[in-house]
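A.B. asks: For reference, the structure I am asking about is given below.
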Amino acid sequence: MRMKMRNRQRKPSASCWNGGGRCSLPVIIWGLVGCIIVIHLCSLVRYKDTGAAHVGFGRRTVFRELEEVEEESFQIPPPRGKRSPRAVKRRGPRKQPTAVDEFLDESSDLRPFFFPDRRSAIGPTKEGNDSMYFCPARIWLDTEGNPIQAHGGGILFDEKRETYYWYGENKDGETYHAHKQGAARVDVIGVSCYSSKDLWTWKYEGIALPGEETNVTHDLHRSNVLERPKVLYNDRTGQYIMWMHVDDVNYTKASVGVAVANSPTGPFEYLYSKRPHGFESRDMTVFKDDDGKAYLVYSSEDNSELHIGPLTDDYLDVTRFMRRILVGQHREAPALFKHESTYYMITSDCTGWAPNRALVHAAESIMGPWETMGTPCVGGNKIFRMTTFFSQGTFVLPLPGLPGSYIFMADRWNPSELRDSRYVWLPLTIGGVADEPLEYNFGFPLWSRVSIYWHRRWRLPEGWRTAYT
Ligand code: GAL
């Protein structure tokens with residue numbers, strides 16, 4: 001039997017003749033391997049320096065302008081207030097502050113750079129040439145001329161009304177610390193709802209789910225915490241279901257809350273809270289798949305891992321199925337989306353209101369396994385990329401007319417004045433090869449790259465609502 005096999009391998013059919021030069025099967029295989037290595041190396045070299053992804057293949061030209069790499073620079077001011085020679089002897093010279101120190105310092109000279117004042121606000125009530133331009137971190141006004149209050153939020157596109165609804169935390173109250181060591185906070189005011197046809201002009205629809213004023217035992221009593229609300233539409237029941245993180249002032253309740261409404265603008269009726277699958281749940285999101293099945297994703301086990309599980313058909317509860325994902329990676333602020341048949345998720349590190357580096361994860365099946373692919377941020381400068389442009393993700397909005405193109409929505413938190421936290425919306429595209437290869441695939445990236453491009457000012461391409469070919 002073995003003899004026969006060997007003989008067969010020697011037959012001329014296993015090799016080819018080309019202009020008289022003989023090329024055997026191993027040569028072809030090694031040639032192919034060589035080509036793959038060269039392509040792989042080229043792609044790595046192109047990404048290494050700038051975090052930039054100049055990928056050309058099959059890109060929609062209409063979004064290409066937004067994939068230009070825009071640089072950003074700022075100078076960190078020298079440490080203020082010199083130490084006396086005696087203090088220098090005792091404690092050494094003052095340390096150069098980091099960019100994040102400056103960002104968090106209310107009295108920093110860089111304050112207007114991170115939080116531009118009202119003069120540069122954008123919105124439909126302001127004159128000027130900023131109309132339809134997204135300007136990350138500049139104050140964004142609604143149609144009544146008030147700064148938009150929709151932090152840690154998400155967007156629902158209502159097909160019947162052909163309208164976008166933006167839900168988020170209304171933080172328009174005083175910022176204070178409930179305890180010396182506690183995080184800065186604002187009392188629960190409720191979940192704001194804004195509507196828009198163009199994603200830039202937002203009309204305030206009011207508080208869709210209000211906080212509770214009097215009943216101190218209520219989950220949404222103003223002394224508690226209500227964060228990261230997201231709304232899904234259930235095609236079977238025709239209801240709008242809101243999921244949110246509810247907590248006590250010390251973040252020990254660690255639960256999800258559920259509310260329901262018959263209209264996208266509410267009023268939402270608060271139903272209950274629970275620890276999903278019996279586990280702590282802090283930062284969370286919900287995601288509706290193409291087949292109508294919805295999922296809850298939440299940070300658990302002291303934020304050391306995420307859990308994911310399907311919701312019941314009415315979206316009012318979780319089922320008993322749950323998978324632990326990104327175990328030991330300490331990620332939060334999950335934002336999940338899908339392109340073609342791949343699921344992607346952007347998460348942040350766990351540093352409270354301080355900005356940190358976003359990471360992208362990908363999976364073939366929503367229940368995992370999920371692979372971590374590196375940072376999606378492109379442009380700005382290294383510090384911008386390492387801090388997710390000084391913001392923390394909250395949602396990724398698909399642009400159905402531009403498959404593979406999305407809006408990345410993030411919050412630039414202002415811990416000293418939370419109501420003045422800003423929105424960082426940037427174009428996100430999928431394409432090219434992932435720049436941080438995965439461990440088990442011998443260094444060959446399997447997933448497409450997810451890129452979020454920094455722009456000081458950008459707008460959606462003309463006709464973004466209609467399908468491109
Ligand atoms: C962040 C979280 C926010 C909020 C904040 C409080 O880590 O993403 O939603 O909970 O901590 O410090």
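Chains: A, B, ... in order of the structure tokens. Residues: from 1 per chain. Ligands: from 1, in order shown.
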Can you pull out the residues contacting region 244-259 of chain A? Cut-off 6 Å, using only C-alpha atoms, and skip same-chain residues under 5 positions away; I want them as an NGL selection string.

C.D. replies: :A and (224-229 or 268-275 or 280-282)

A.B. asks: Can you list, as a ChimeraX atom specification, all residues belonging to region 122-227 of chain A that DSSP tags as strand (DSSP E)?

C.D. replies: /A:151-158,163-169,176-177,184-185,190-196,203-210,225-227

A.B. asks: So which residues touch Asn381 (chain A) within 7 Å, counting only C-alpha atoms, skipping near sequence neighbours fewer than 4 positions away, as a list in words?

C.D. replies: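 Skipping anything fewer than 4 positions along the chain leaves Glu71, Glu72, Ser73 and Arg385 of chain A.
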
A.B. asks: Residues within 9 Å of ligand 1 should be enumerated using only C-alpha atoms and all ligand atoms and returned as a PyMOL selection string.

C.D. replies: chain A and resi 152+182-185+225-228+245+251+282-284+332-334+348-354+392-394+413+415

A.B. asks: Go ahead and write the selection's residues with N, CA and C atoms as an mmCIF file, in the first residue's frame.

C.D. replies:
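After the write, result.cif holds the following:
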```
data_model
loop_
_atom_site.group_PDB
_atom_site.id
_atom_site.type_symbol
_atom_site.label_atom_id
_atom_site.label_comp_id
_atom_site.auth_asym_id
_atom_site.auth_seq_id
_atom_site.Cartn_x
_atom_site.Cartn_y
_atom_site.Cartn_z
ATOM 1 N N GLY A 152 -23.280 58.506 27.793
ATOM 2 C CA GLY A 152 -23.243 57.041 27.921
ATOM 3 C C GLY A 152 -24.366 56.391 27.137
ATOM 4 N N GLY A 182 -15.152 58.231 46.769
ATOM 5 C CA GLY A 182 -16.099 57.822 45.720
ATOM 6 C C GLY A 182 -15.897 58.588 44.417
ATOM 7 N N ALA A 183 -16.419 58.004 43.329
ATOM 8 C CA ALA A 183 -16.326 58.667 42.020
ATOM 9 C C ALA A 183 -17.215 59.911 42.024
ATOM 10 N N ALA A 184 -16.827 60.889 41.200
ATOM 11 C CA ALA A 184 -17.689 62.071 41.039
ATOM 12 C C ALA A 184 -19.026 61.598 40.492
ATOM 13 N N ARG A 185 -20.121 62.237 40.915
ATOM 14 C CA ARG A 185 -21.426 61.787 40.462
ATOM 15 C C ARG A 185 -22.423 62.937 40.333
ATOM 16 N N VAL A 225 -27.666 55.326 40.979
ATOM 17 C CA VAL A 225 -26.916 55.474 39.722
ATOM 18 C C VAL A 225 -27.721 54.851 38.588
ATOM 19 N N LEU A 226 -27.849 55.569 37.489
ATOM 20 C CA LEU A 226 -28.486 55.049 36.260
ATOM 21 C C LEU A 226 -27.535 55.398 35.118
ATOM 22 N N GLU A 227 -26.946 54.382 34.503
ATOM 23 C CA GLU A 227 -25.938 54.656 33.459
ATOM 24 C C GLU A 227 -26.160 53.801 32.212
ATOM 25 N N ARG A 228 -25.613 54.294 31.109
ATOM 26 C CA ARG A 228 -25.516 53.558 29.833
ATOM 27 C C ARG A 228 -26.841 52.983 29.312
ATOM 28 N N HIS A 245 -27.739 50.221 33.256
ATOM 29 C CA HIS A 245 -26.997 49.835 34.459
ATOM 30 C C HIS A 245 -27.619 50.590 35.626
ATOM 31 N N TYR A 251 -21.750 51.648 43.970
ATOM 32 C CA TYR A 251 -21.622 50.668 42.872
ATOM 33 C C TYR A 251 -21.550 49.231 43.409
ATOM 34 N N ARG A 282 -22.120 45.680 35.625
ATOM 35 C CA ARG A 282 -21.889 47.138 35.668
ATOM 36 C C ARG A 282 -22.033 47.666 34.239
ATOM 37 N N ASP A 283 -20.963 48.196 33.626
ATOM 38 C CA ASP A 283 -21.140 48.724 32.262
ATOM 39 C C ASP A 283 -21.754 47.627 31.384
ATOM 40 N N MET A 284 -22.696 48.036 30.544
ATOM 41 C CA MET A 284 -23.400 47.023 29.747
ATOM 42 C C MET A 284 -23.863 47.625 28.424
ATOM 43 N N GLU A 332 -14.493 47.297 29.972
ATOM 44 C CA GLU A 332 -15.863 47.785 30.201
ATOM 45 C C GLU A 332 -16.311 48.654 29.036
ATOM 46 N N ALA A 333 -17.459 49.325 29.203
ATOM 47 C CA ALA A 333 -18.041 50.170 28.159
ATOM 48 C C ALA A 333 -18.159 49.424 26.817
ATOM 49 N N PRO A 334 -18.770 48.232 26.801
ATOM 50 C CA PRO A 334 -18.839 47.483 25.540
ATOM 51 C C PRO A 334 -19.777 48.132 24.521
ATOM 52 N N SER A 348 -13.421 49.549 26.657
ATOM 53 C CA SER A 348 -12.407 50.419 27.266
ATOM 54 C C SER A 348 -11.777 49.673 28.428
ATOM 55 N N ASP A 349 -10.719 50.252 28.914
ATOM 56 C CA ASP A 349 -10.084 49.789 30.141
ATOM 57 C C ASP A 349 -10.947 50.297 31.309
ATOM 58 N N CYS A 350 -10.646 49.900 32.524
ATOM 59 C CA CYS A 350 -11.485 50.298 33.672
ATOM 60 C C CYS A 350 -10.777 51.382 34.494
ATOM 61 N N THR A 351 -10.965 52.638 34.125
ATOM 62 C CA THR A 351 -10.305 53.723 34.871
ATOM 63 C C THR A 351 -11.308 54.817 35.240
ATOM 64 N N GLY A 352 -12.523 54.436 35.541
ATOM 65 C CA GLY A 352 -13.529 55.425 35.955
ATOM 66 C C GLY A 352 -13.776 56.459 34.868
ATOM 67 N N TRP A 353 -13.788 57.733 35.255
ATOM 68 C CA TRP A 353 -14.054 58.790 34.265
ATOM 69 C C TRP A 353 -12.808 59.146 33.444
ATOM 70 N N ALA A 354 -11.644 58.634 33.850
ATOM 71 C CA ALA A 354 -10.404 58.993 33.134
ATOM 72 C C ALA A 354 -10.310 58.213 31.824
ATOM 73 N N GLN A 392 -14.378 57.755 26.016
ATOM 74 C CA GLN A 392 -14.702 56.350 26.291
ATOM 75 C C GLN A 392 -15.908 55.958 25.440
ATOM 76 N N GLY A 393 -15.801 54.886 24.724
ATOM 77 C CA GLY A 393 -16.864 54.468 23.796
ATOM 78 C C GLY A 393 -18.179 54.186 24.494
ATOM 79 N N THR A 394 -19.260 54.328 23.758
ATOM 80 C CA THR A 394 -20.566 53.970 24.311
ATOM 81 C C THR A 394 -21.440 53.216 23.310
ATOM 82 N N TRP A 413 -15.624 62.433 29.150
ATOM 83 C CA TRP A 413 -16.151 62.747 30.483
ATOM 84 C C TRP A 413 -15.413 63.931 31.091
ATOM 85 N N PRO A 415 -15.004 64.949 34.699
ATOM 86 C CA PRO A 415 -15.332 64.535 36.057
ATOM 87 C C PRO A 415 -15.541 65.696 37.027
#
```

A.B. asks: Might you pull out every residue within 6 Å of Asp142 (chain A), with only C-alpha atoms counted and same-chain residues fewer than 5 positions away left off, and present them as a PyMOL selection string?

C.D. replies: chain A and resi 148+202-203

A.B. asks: Any idea what's packed within 9 Å of Ile383 (chain A), counting only C-alpha atoms, ignoring anything in its chain fewer than 5 positions away? Could you give it as a CSV table (one decimal) with N, CA and C atoms, in the first residue's frame?

C.D. replies:
```csv
chain,number,residue,atom,x,y,z
A,99,ALA,N,-0.3,63.7,30.0
A,99,ALA,CA,-1.5,64.3,29.3
A,99,ALA,C,-2.8,64.1,30.0
A,100,VAL,N,-2.9,62.9,30.6
A,100,VAL,CA,-4.2,62.6,31.3
A,100,VAL,C,-4.3,63.4,32.6
A,388,THR,N,-8.1,56.9,23.4
A,388,THR,CA,-9.4,56.9,22.6
A,388,THR,C,-9.8,58.3,22.3
A,389,PHE,N,-8.8,59.2,22.0
A,389,PHE,CA,-9.1,60.6,21.7
A,389,PHE,C,-9.7,61.3,23.0
A,390,PHE,N,-9.2,60.9,24.1
A,390,PHE,CA,-9.6,61.4,25.4
A,390,PHE,C,-11.1,61.2,25.6
```

A.B. asks: Mind giving me the straight-line distance from CA of Met409 (chain A) to CA of Leu397 (chain A) in Å, one decimal?

C.D. replies: 7.5 Å

A.B. asks: Between CA of Ala363 (chain A) and CA of Ile407 (chain A), what is the distance in Å, rounded to a tenth?

C.D. replies: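 For CA of Ala363 (chain A) relative to CA of Ile407 (chain A), the distance reads 20.0 Å.
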
A.B. asks: I want to know what sits within 6 Å of Val191 (chain A), based on only C-alpha atoms, with residues of the same chain fewer than 2 positions away left out; could you give that as a PyMOL selection string?

C.D. replies: chain A and resi 168-170+207-209

A.B. asks: Could the residues in this selection be saved with N, CA and C atoms as a tab-separated table (two decimals), in the first residue's frame?

C.D. replies:
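To be explicit, this is the file written out as selection_35.tsv:
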```tsv
chain	number	residue	atom	x	y	z
A	168	GLY	N	-29.75	58.78	26.36
A	168	GLY	CA	-28.53	58.87	27.16
A	168	GLY	C	-28.82	59.44	28.53
A	169	GLU	N	-27.80	59.39	29.37
A	169	GLU	CA	-27.94	59.90	30.74
A	169	GLU	C	-28.08	61.41	30.71
A	170	ASN	N	-29.12	61.90	31.37
A	170	ASN	CA	-29.22	63.35	31.55
A	170	ASN	C	-28.42	63.67	32.81
A	207	ILE	N	-37.57	63.76	28.93
A	207	ILE	CA	-37.00	62.65	29.70
A	207	ILE	C	-37.89	61.44	29.47
A	208	ALA	N	-37.34	60.44	28.81
A	208	ALA	CA	-38.14	59.26	28.46
A	208	ALA	C	-38.35	58.35	29.67
A	209	LEU	N	-37.38	58.35	30.57
A	209	LEU	CA	-37.50	57.57	31.82
A	209	LEU	C	-36.97	58.46	32.93
```

A.B. asks: Which residues are near Pro79 (chain A)? Cut-off 7 Å, only C-alpha atoms, ignore same chain within fewer than 2 positions. Put them as a VMD selection string.

C.D. replies: chain A and resid 77 81 94 to 97

A.B. asks: Export N, CA and C atoms of the chosen residues as a JSON list (two decimals), in the first residue's frame?

C.D. replies:
```json
[["chain", "number", "residue", "atom", "x", "y", "z"],
["A", 77, "PRO", "N", 2.10, 71.71, 29.36],
["A", 77, "PRO", "CA", 2.80, 72.80, 30.03],
["A", 77, "PRO", "C", 3.74, 72.27, 31.12],
["A", 81, "GLY", "N", 4.33, 75.83, 39.78],
["A", 81, "GLY", "CA", 4.74, 76.06, 41.17],
["A", 81, "GLY", "C", 6.03, 75.32, 41.49],
["A", 94, "ARG", "N", 9.48, 68.48, 40.93],
["A", 94, "ARG", "CA", 8.11, 68.12, 40.53],
["A", 94, "ARG", "C", 8.14, 67.29, 39.25],
["A", 95, "LYS", "N", 7.26, 66.29, 39.23],
["A", 95, "LYS", "CA", 7.22, 65.42, 38.04],
["A", 95, "LYS", "C", 6.48, 66.12, 36.92],
["A", 96, "GLN", "N", 6.93, 65.87, 35.68],
["A", 96, "GLN", "CA", 6.21, 66.37, 34.51],
["A", 96, "GLN", "C", 4.83, 65.71, 34.49],
["A", 97, "PRO", "N", 3.74, 66.51, 34.45],
["A", 97, "PRO", "CA", 2.42, 65.88, 34.43],
["A", 97, "PRO", "C", 2.21, 65.12, 33.11]]
```

A.B. asks: Can you measure CA of Leu326 (chain A) to CA of Gly309 (chain A) for me? One decimal in Å is fine.

C.D. replies: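 Those two atoms sit 13.9 Å apart.
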
A.B. asks: Which is closest to His455 (chain A) among A:Glu67, A:Glu364, A:Glu305, A:Glu417, if we use only C-alpha atoms?

C.D. replies: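 Among the listed residues, A:Glu67 lies closest to His455 (chain A).
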
A.B. asks: Enumerate the residues of region 304-459 of chain A with a DSSP assignment of alpha helix (DSSP H), computed from the backbone, and present them as a ChimeraX atom specification.

C.D. replies: /A:382-386

A.B. asks: With distances taken over only C-alpha atoms, which of A:Trp243, A:Asp187, A:Pro267, A:Glu68 is nearest to Glu213 (chain A)?

C.D. replies: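 Comparing A:Trp243, A:Asp187, A:Pro267, A:Glu68 against Glu213 (chain A), the winner is A:Asp187.
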
A.B. asks: Determine the nearest neighbour of Ala362 (chain A) from the options A:Asn262, A:Thr125, A:His339, A:Ile452, counting only C-alpha atoms.

C.D. replies: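 Distance minimum relative to Ala362 (chain A) lands on A:His339.
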